[in-house]
$ cat entry.cif   # mmCIF, C-alpha atoms and all ligand atoms
data_model
loop_
_atom_site.label_atom_id
_atom_site.label_comp_id
_atom_site.auth_asym_id
_atom_site.auth_seq_id
_atom_site.Cartn_x
_atom_site.Cartn_y
_atom_site.Cartn_z
CA MET A 1 0.00 0.00 0.00
CA SER A 2 1.59 3.23 -1.14
CA VAL A 3 1.59 6.36 0.90
CA LYS A 4 -0.35 9.12 -0.76
CA VAL A 5 2.06 11.91 -1.56
CA ALA A 6 0.86 15.49 -1.70
CA TRP A 7 1.89 18.05 -4.31
CA PRO A 8 4.68 20.51 -3.51
CA LEU A 9 2.66 23.60 -4.52
CA SER A 10 -0.99 24.50 -4.21
CA TYR A 11 -1.16 24.78 -8.01
CA ASN A 12 1.06 22.41 -10.02
CA ILE A 13 1.67 22.60 -13.75
CA ILE A 14 4.82 21.92 -15.76
CA ARG A 15 6.55 25.15 -16.76
CA GLY A 16 5.36 26.26 -20.18
CA ARG A 17 3.44 22.94 -20.45
CA SER A 18 6.64 21.81 -22.10
CA VAL A 19 8.00 18.29 -22.09
CA ASN A 20 11.47 19.87 -21.91
CA ASN A 21 10.63 20.72 -18.31
CA THR A 22 9.67 17.17 -17.32
CA PHE A 23 12.00 14.40 -16.16
CA GLY A 24 14.44 12.53 -18.35
CA MET A 25 16.62 13.11 -21.41
CA VAL A 26 14.17 15.78 -22.50
CA ARG A 27 16.54 18.61 -23.36
CA LYS A 28 19.20 19.10 -25.98
CA HIS A 29 22.73 20.41 -25.82
CA ALA A 30 23.69 23.05 -28.41
CA ASN A 31 25.18 20.25 -30.56
CA GLY A 32 21.84 18.41 -30.59
CA THR A 33 22.72 15.56 -28.23
CA ALA A 34 20.21 14.70 -25.50
CA LYS A 35 20.58 16.45 -22.19
CA PRO A 36 19.00 15.37 -18.90
CA HIS A 37 16.56 17.27 -16.74
CA GLN A 38 16.57 15.76 -13.27
CA GLY A 39 13.07 16.65 -12.15
CA TRP A 40 10.00 18.66 -12.94
CA ASP A 41 9.90 22.43 -13.33
CA LEU A 42 6.61 23.60 -11.86
CA GLU A 43 5.41 27.09 -12.71
CA ALA A 44 5.50 29.36 -9.67
CA SER A 45 6.10 33.07 -9.42
CA SER A 46 8.82 33.87 -6.91
CA GLY A 47 7.52 33.77 -3.34
CA THR A 48 5.02 30.93 -3.85
CA SER A 49 4.74 28.67 -0.79
CA CYS A 50 6.00 25.12 -1.15
CA PHE A 51 5.03 22.26 1.12
CA ALA A 52 6.22 18.88 2.40
CA ILE A 53 4.79 16.18 0.15
CA ALA A 54 4.86 13.55 2.90
CA ASP A 55 5.75 13.05 6.55
CA GLY A 56 9.52 12.88 6.87
CA LYS A 57 12.67 14.71 7.84
CA VAL A 58 14.67 17.64 6.51
CA GLU A 59 17.95 16.07 5.36
CA PHE A 60 19.71 19.22 4.22
CA VAL A 61 19.30 22.88 3.47
CA LYS A 62 21.68 24.75 1.17
CA LEU A 63 21.59 28.48 0.70
CA ASN A 64 22.55 29.89 -2.69
CA VAL A 65 24.83 27.06 -3.82
CA GLY A 66 25.60 26.35 -7.48
CA ASP A 67 23.06 25.89 -10.26
CA TYR A 68 20.29 24.85 -7.87
CA GLY A 69 20.63 27.91 -5.66
CA THR A 70 18.75 27.61 -2.39
CA GLN A 71 17.71 23.98 -1.84
CA VAL A 72 15.84 21.79 0.62
CA CYS A 73 15.92 17.97 0.65
CA CYS A 74 13.41 15.98 2.73
CA SER A 75 13.36 12.21 3.20
CA PHE A 76 10.12 10.27 3.30
CA ASP A 77 9.00 6.68 3.21
CA PHE A 78 7.40 5.36 0.05
CA ASP A 79 6.46 1.72 -0.33
CA GLY A 80 8.97 0.79 2.36
CA LYS A 81 11.80 2.67 0.65
CA THR A 82 13.35 5.97 1.60
CA LEU A 83 12.95 8.60 -1.09
CA TYR A 84 13.89 12.27 -1.07
CA ALA A 85 11.80 15.23 -2.18
CA TYR A 86 14.15 17.92 -3.37
CA TYR A 87 13.24 21.59 -3.93
CA ALA A 88 15.56 24.04 -5.73
CA HIS A 89 15.84 27.71 -6.76
CA LEU A 90 14.05 28.73 -3.54
CA SER A 91 13.93 32.31 -2.29
CA ARG A 92 13.21 31.45 1.33
CA VAL A 93 13.60 28.43 3.60
CA ASP A 94 11.36 27.94 6.64
CA VAL A 95 12.84 24.66 7.89
CA THR A 96 16.10 23.54 9.48
CA GLU A 97 18.20 20.46 8.84
CA GLY A 98 17.01 17.63 11.09
CA ASP A 99 13.45 18.96 11.48
CA SER A 100 10.67 16.40 11.39
CA MET A 101 8.07 17.27 8.79
CA SER A 102 4.42 16.47 8.45
CA GLN A 103 2.79 16.33 5.05
CA GLY A 104 1.64 19.82 4.11
CA ASP A 105 4.10 21.67 6.35
CA LEU A 106 5.53 24.83 4.85
CA ILE A 107 9.05 24.26 3.47
CA GLY A 108 9.73 27.75 2.16
CA ALA A 109 9.06 29.86 -0.89
CA THR A 110 9.95 29.41 -4.54
CA GLY A 111 12.38 31.79 -6.20
CA ASN A 112 14.95 32.07 -8.94
CA THR A 113 18.24 31.38 -7.15
CA GLY A 114 21.05 29.46 -8.89
CA ASN A 115 20.92 29.19 -12.67
CA ALA A 116 17.21 30.13 -12.70
CA ALA A 117 18.40 33.72 -12.15
CA THR A 118 19.22 33.92 -15.87
CA LEU A 119 15.60 33.22 -16.88
CA PRO A 120 12.97 35.92 -17.40
CA THR A 121 10.56 36.42 -14.50
CA SER A 122 7.79 34.83 -16.56
CA GLU A 123 9.75 31.55 -16.35
CA ASP A 124 9.96 31.50 -12.53
CA HIS A 125 9.50 27.96 -11.25
CA LEU A 126 10.13 25.35 -8.61
CA HIS A 127 12.66 22.73 -9.69
CA PHE A 128 11.38 19.60 -7.98
CA GLU A 129 13.06 16.19 -7.91
CA ILE A 130 12.32 12.80 -6.43
CA ARG A 131 15.62 11.22 -5.46
CA THR A 132 16.62 7.76 -4.34
CA LYS A 133 19.86 9.16 -2.90
CA LYS A 134 20.19 12.25 -0.77
CA ILE A 135 23.23 13.61 -2.59
CA CYS A 136 23.32 13.35 -6.38
CA GLY A 137 25.72 14.40 -9.10
CA LEU A 138 25.07 15.33 -12.69
CA GLY A 139 22.91 13.29 -15.03
CA LEU A 140 19.85 11.38 -13.92
CA ALA A 141 21.60 9.06 -11.46
CA GLY A 142 19.90 8.97 -8.08
CA ARG A 143 16.65 10.43 -9.38
CA ILE A 144 13.42 8.92 -10.60
CA SER A 145 10.56 10.52 -12.47
CA PRO A 146 8.21 12.19 -9.99
CA MET A 147 5.55 10.41 -12.01
CA LYS A 148 6.60 7.23 -10.19
CA VAL A 149 5.16 8.61 -6.97
CA TYR A 150 2.31 10.71 -8.40
CA GLY A 151 1.15 8.38 -11.15
CA THR A 152 0.57 11.36 -13.42
CA CYS A 153 2.43 14.33 -14.85
CA PRO A 154 0.83 17.79 -14.77
CA LEU A 155 1.25 18.54 -18.45
CA THR A 156 -1.49 19.15 -21.02
CA SER A 157 -1.95 16.68 -23.84
CA ALA A 158 -2.04 19.38 -26.55
CA ALA A 159 1.43 20.53 -25.57
CA ILE A 160 2.73 16.98 -25.61
CA GLN A 161 1.41 16.45 -29.11
CA ASN A 162 3.13 19.58 -30.44
CA LEU A 163 6.41 18.78 -28.80
CA SER A 164 6.49 15.12 -29.64
CA ASN A 165 5.92 16.04 -33.29
CA SER A 166 8.78 18.53 -33.26
CA MET A 167 11.28 16.61 -31.15
CA SER A 168 10.82 12.97 -32.17
CA LEU A 169 10.91 11.81 -28.57
CA THR A 170 11.77 8.26 -27.67
CA ALA A 171 9.50 6.03 -25.62
CA ASN A 172 11.83 6.63 -22.70
CA ASP A 173 11.34 10.39 -22.92
CA LEU A 174 7.62 9.92 -23.00
CA ARG A 175 7.43 8.01 -19.76
CA CYS A 176 6.59 11.18 -17.88
CA MET A 177 3.49 11.91 -19.90
CA PRO A 178 -0.05 11.54 -18.73
ZN ZN B 1 14.59 22.27 -13.52
#

$ encode --input "entry.cif" --output "structure tokens"
Amino acid sequence: MSVKVAWPLSYNIIRGRSVNNTFGMVRKHANGTAKPHQGWDLEASSGTSCFAIADGKVEFVKLNVGDYGTQVCCSFDFDGKTLYAYYAHLSRVDVTEGDSMSQGDLIGATGNTGNAATLPTSEDHLHFEIRTKKICGLGLAGRISPMKVYGTCPLTSAAIQNLSNSMSLTANDLRCMP
């Protein structure tokens, strides 16, 4: 019996309704080779509250570090396994490392710290990952599609159709789609 995970925001939709902002090898380098995106980008103007998706514990907080900027990582139990909900580009953090969390507790506020600072304000978002390891490197290692815990991806079907026509996505890329 799976735990029911909650959404990280009160309103959750993939940024720009674009498959490029879902999980997987959904982006391209300048030379055309596939490039990973490690989580979902959820549209959120800076200052939007984000919440604990499940009961758990705050594993780490990082303030303004690297591409992810201000980050919070919370562990939770899912189907008997420990997973990690990871929030990046935050503008504010309301929790402390080691805190116990209940589902729905306020984590902080979204923002545009890290490499999101280069995007226009209209592209403000929460970068949200589901991890199998607390600390991850580059690539997709240590992450899974958030769809594995939600069973759905908040992306419209019209957008998928347009993008899959233009990008010739593989079956693997499409695994995040509703
Ligand atoms: Zn992202």

$ closest_residue --input "entry.cif" --among "A:Val26, A:Cys136, A:Leu90, A:Ile144" --to "Tyr68 (chain A)" --atoms "all atoms listed in the file"
A:Leu90

$ residues_near_ligand --input "entry.cif" --ligand "ligand ZN 1 (chain B)" --cutoff "12 Å" --atoms "all atoms listed in the file" --output "PyMOL selection string"
chain A and resi 14-15+18-24+26-27+36-43+67-69+86-90+112-116+119+123-129

$ residues_near_point --input "entry.cif" --point "(-3.3, 11.8, 1.8)" --cutoff "12 Å" --atoms "all atoms listed in the file" --output "JSON, numbers by chain"
{"A": [2, 3, 4, 5, 6, 7, 52, 53, 54, 55, 102, 103, 104, 150]}

$ closest_residue --input "entry.cif" --among "A:Lys35, A:Ser45, A:Leu106, A:Arg92" --to "Val58 (chain A)" --atoms "all atoms listed in the file"
A:Leu106

$ axis_aligned_box --input "entry.cif" --around "region 110-128 of chain A" --padding-each-side "8 Å" --output "lines of an AutoDock Vina configuration file"
center_x = 14.4
center_y = 28.0
center_z = -11.0
size_x = 29.3
size_y = 32.8
size_z = 28.9

$ atom_distance --input "entry.cif" --atom1 "CA of Ser46 (chain A)" --atom2 "CA of Ala117 (chain A)"
10.9 Å

$ closest_residue --input "entry.cif" --among "A:Gly56, A:Gly98, A:Cys50, A:Asn64" --to "Phe76 (chain A)" --atoms "all atoms listed in the file"
A:Gly56

$ atom_distance --input "entry.cif" --atom1 "CA of Lys148 (chain A)" --atom2 "CA of Val95 (chain A)"
25.9 Å

$ decode --input "entry.cif" --residues "region 37-51 of chain A" --atoms "N, CA and C atoms" --output "short mmCIF file (atom, residue, chain, number, x, y, z; two decimals), in the first residue's frame"
data_model
loop_
_atom_site.label_atom_id
_atom_site.label_comp_id
_atom_site.auth_asym_id
_atom_site.auth_seq_id
_atom_site.Cartn_x
_atom_site.Cartn_y
_atom_site.Cartn_z
N HIS A 37 17.15 16.38 -17.74
CA HIS A 37 16.56 17.27 -16.74
C HIS A 37 16.15 16.37 -15.59
N GLN A 38 16.62 16.69 -14.40
CA GLN A 38 16.57 15.76 -13.27
C GLN A 38 15.25 15.74 -12.51
N GLY A 39 14.34 16.61 -12.89
CA GLY A 39 13.07 16.65 -12.15
C GLY A 39 12.00 17.33 -12.97
N TRP A 40 11.05 17.89 -12.29
CA TRP A 40 10.00 18.66 -12.94
C TRP A 40 10.20 20.13 -12.61
N ASP A 41 10.00 20.99 -13.60
CA ASP A 41 9.90 22.43 -13.33
C ASP A 41 8.41 22.76 -13.23
N LEU A 42 8.02 23.24 -12.08
CA LEU A 42 6.61 23.60 -11.86
C LEU A 42 6.49 25.12 -11.83
N GLU A 43 5.59 25.64 -12.63
CA GLU A 43 5.41 27.09 -12.71
C GLU A 43 5.08 27.66 -11.33
N ALA A 44 5.78 28.72 -10.96
CA ALA A 44 5.50 29.36 -9.67
C ALA A 44 6.20 30.71 -9.64
N SER A 45 5.44 31.78 -9.53
CA SER A 45 6.10 33.07 -9.42
C SER A 45 6.83 33.11 -8.09
N SER A 46 7.95 33.83 -8.08
CA SER A 46 8.82 33.87 -6.91
C SER A 46 8.01 34.24 -5.67
N GLY A 47 8.23 33.49 -4.58
CA GLY A 47 7.52 33.77 -3.34
C GLY A 47 6.34 32.84 -3.09
N THR A 48 6.11 31.90 -4.02
CA THR A 48 5.02 30.93 -3.85
C THR A 48 5.39 29.90 -2.77
N SER A 49 4.48 29.63 -1.87
CA SER A 49 4.74 28.67 -0.79
C SER A 49 4.92 27.27 -1.35
N CYS A 50 5.90 26.53 -0.79
CA CYS A 50 6.00 25.12 -1.15
C CYS A 50 5.96 24.28 0.12
N PHE A 51 5.45 23.07 -0.03
CA PHE A 51 5.03 22.26 1.12
C PHE A 51 5.66 20.87 1.10
#
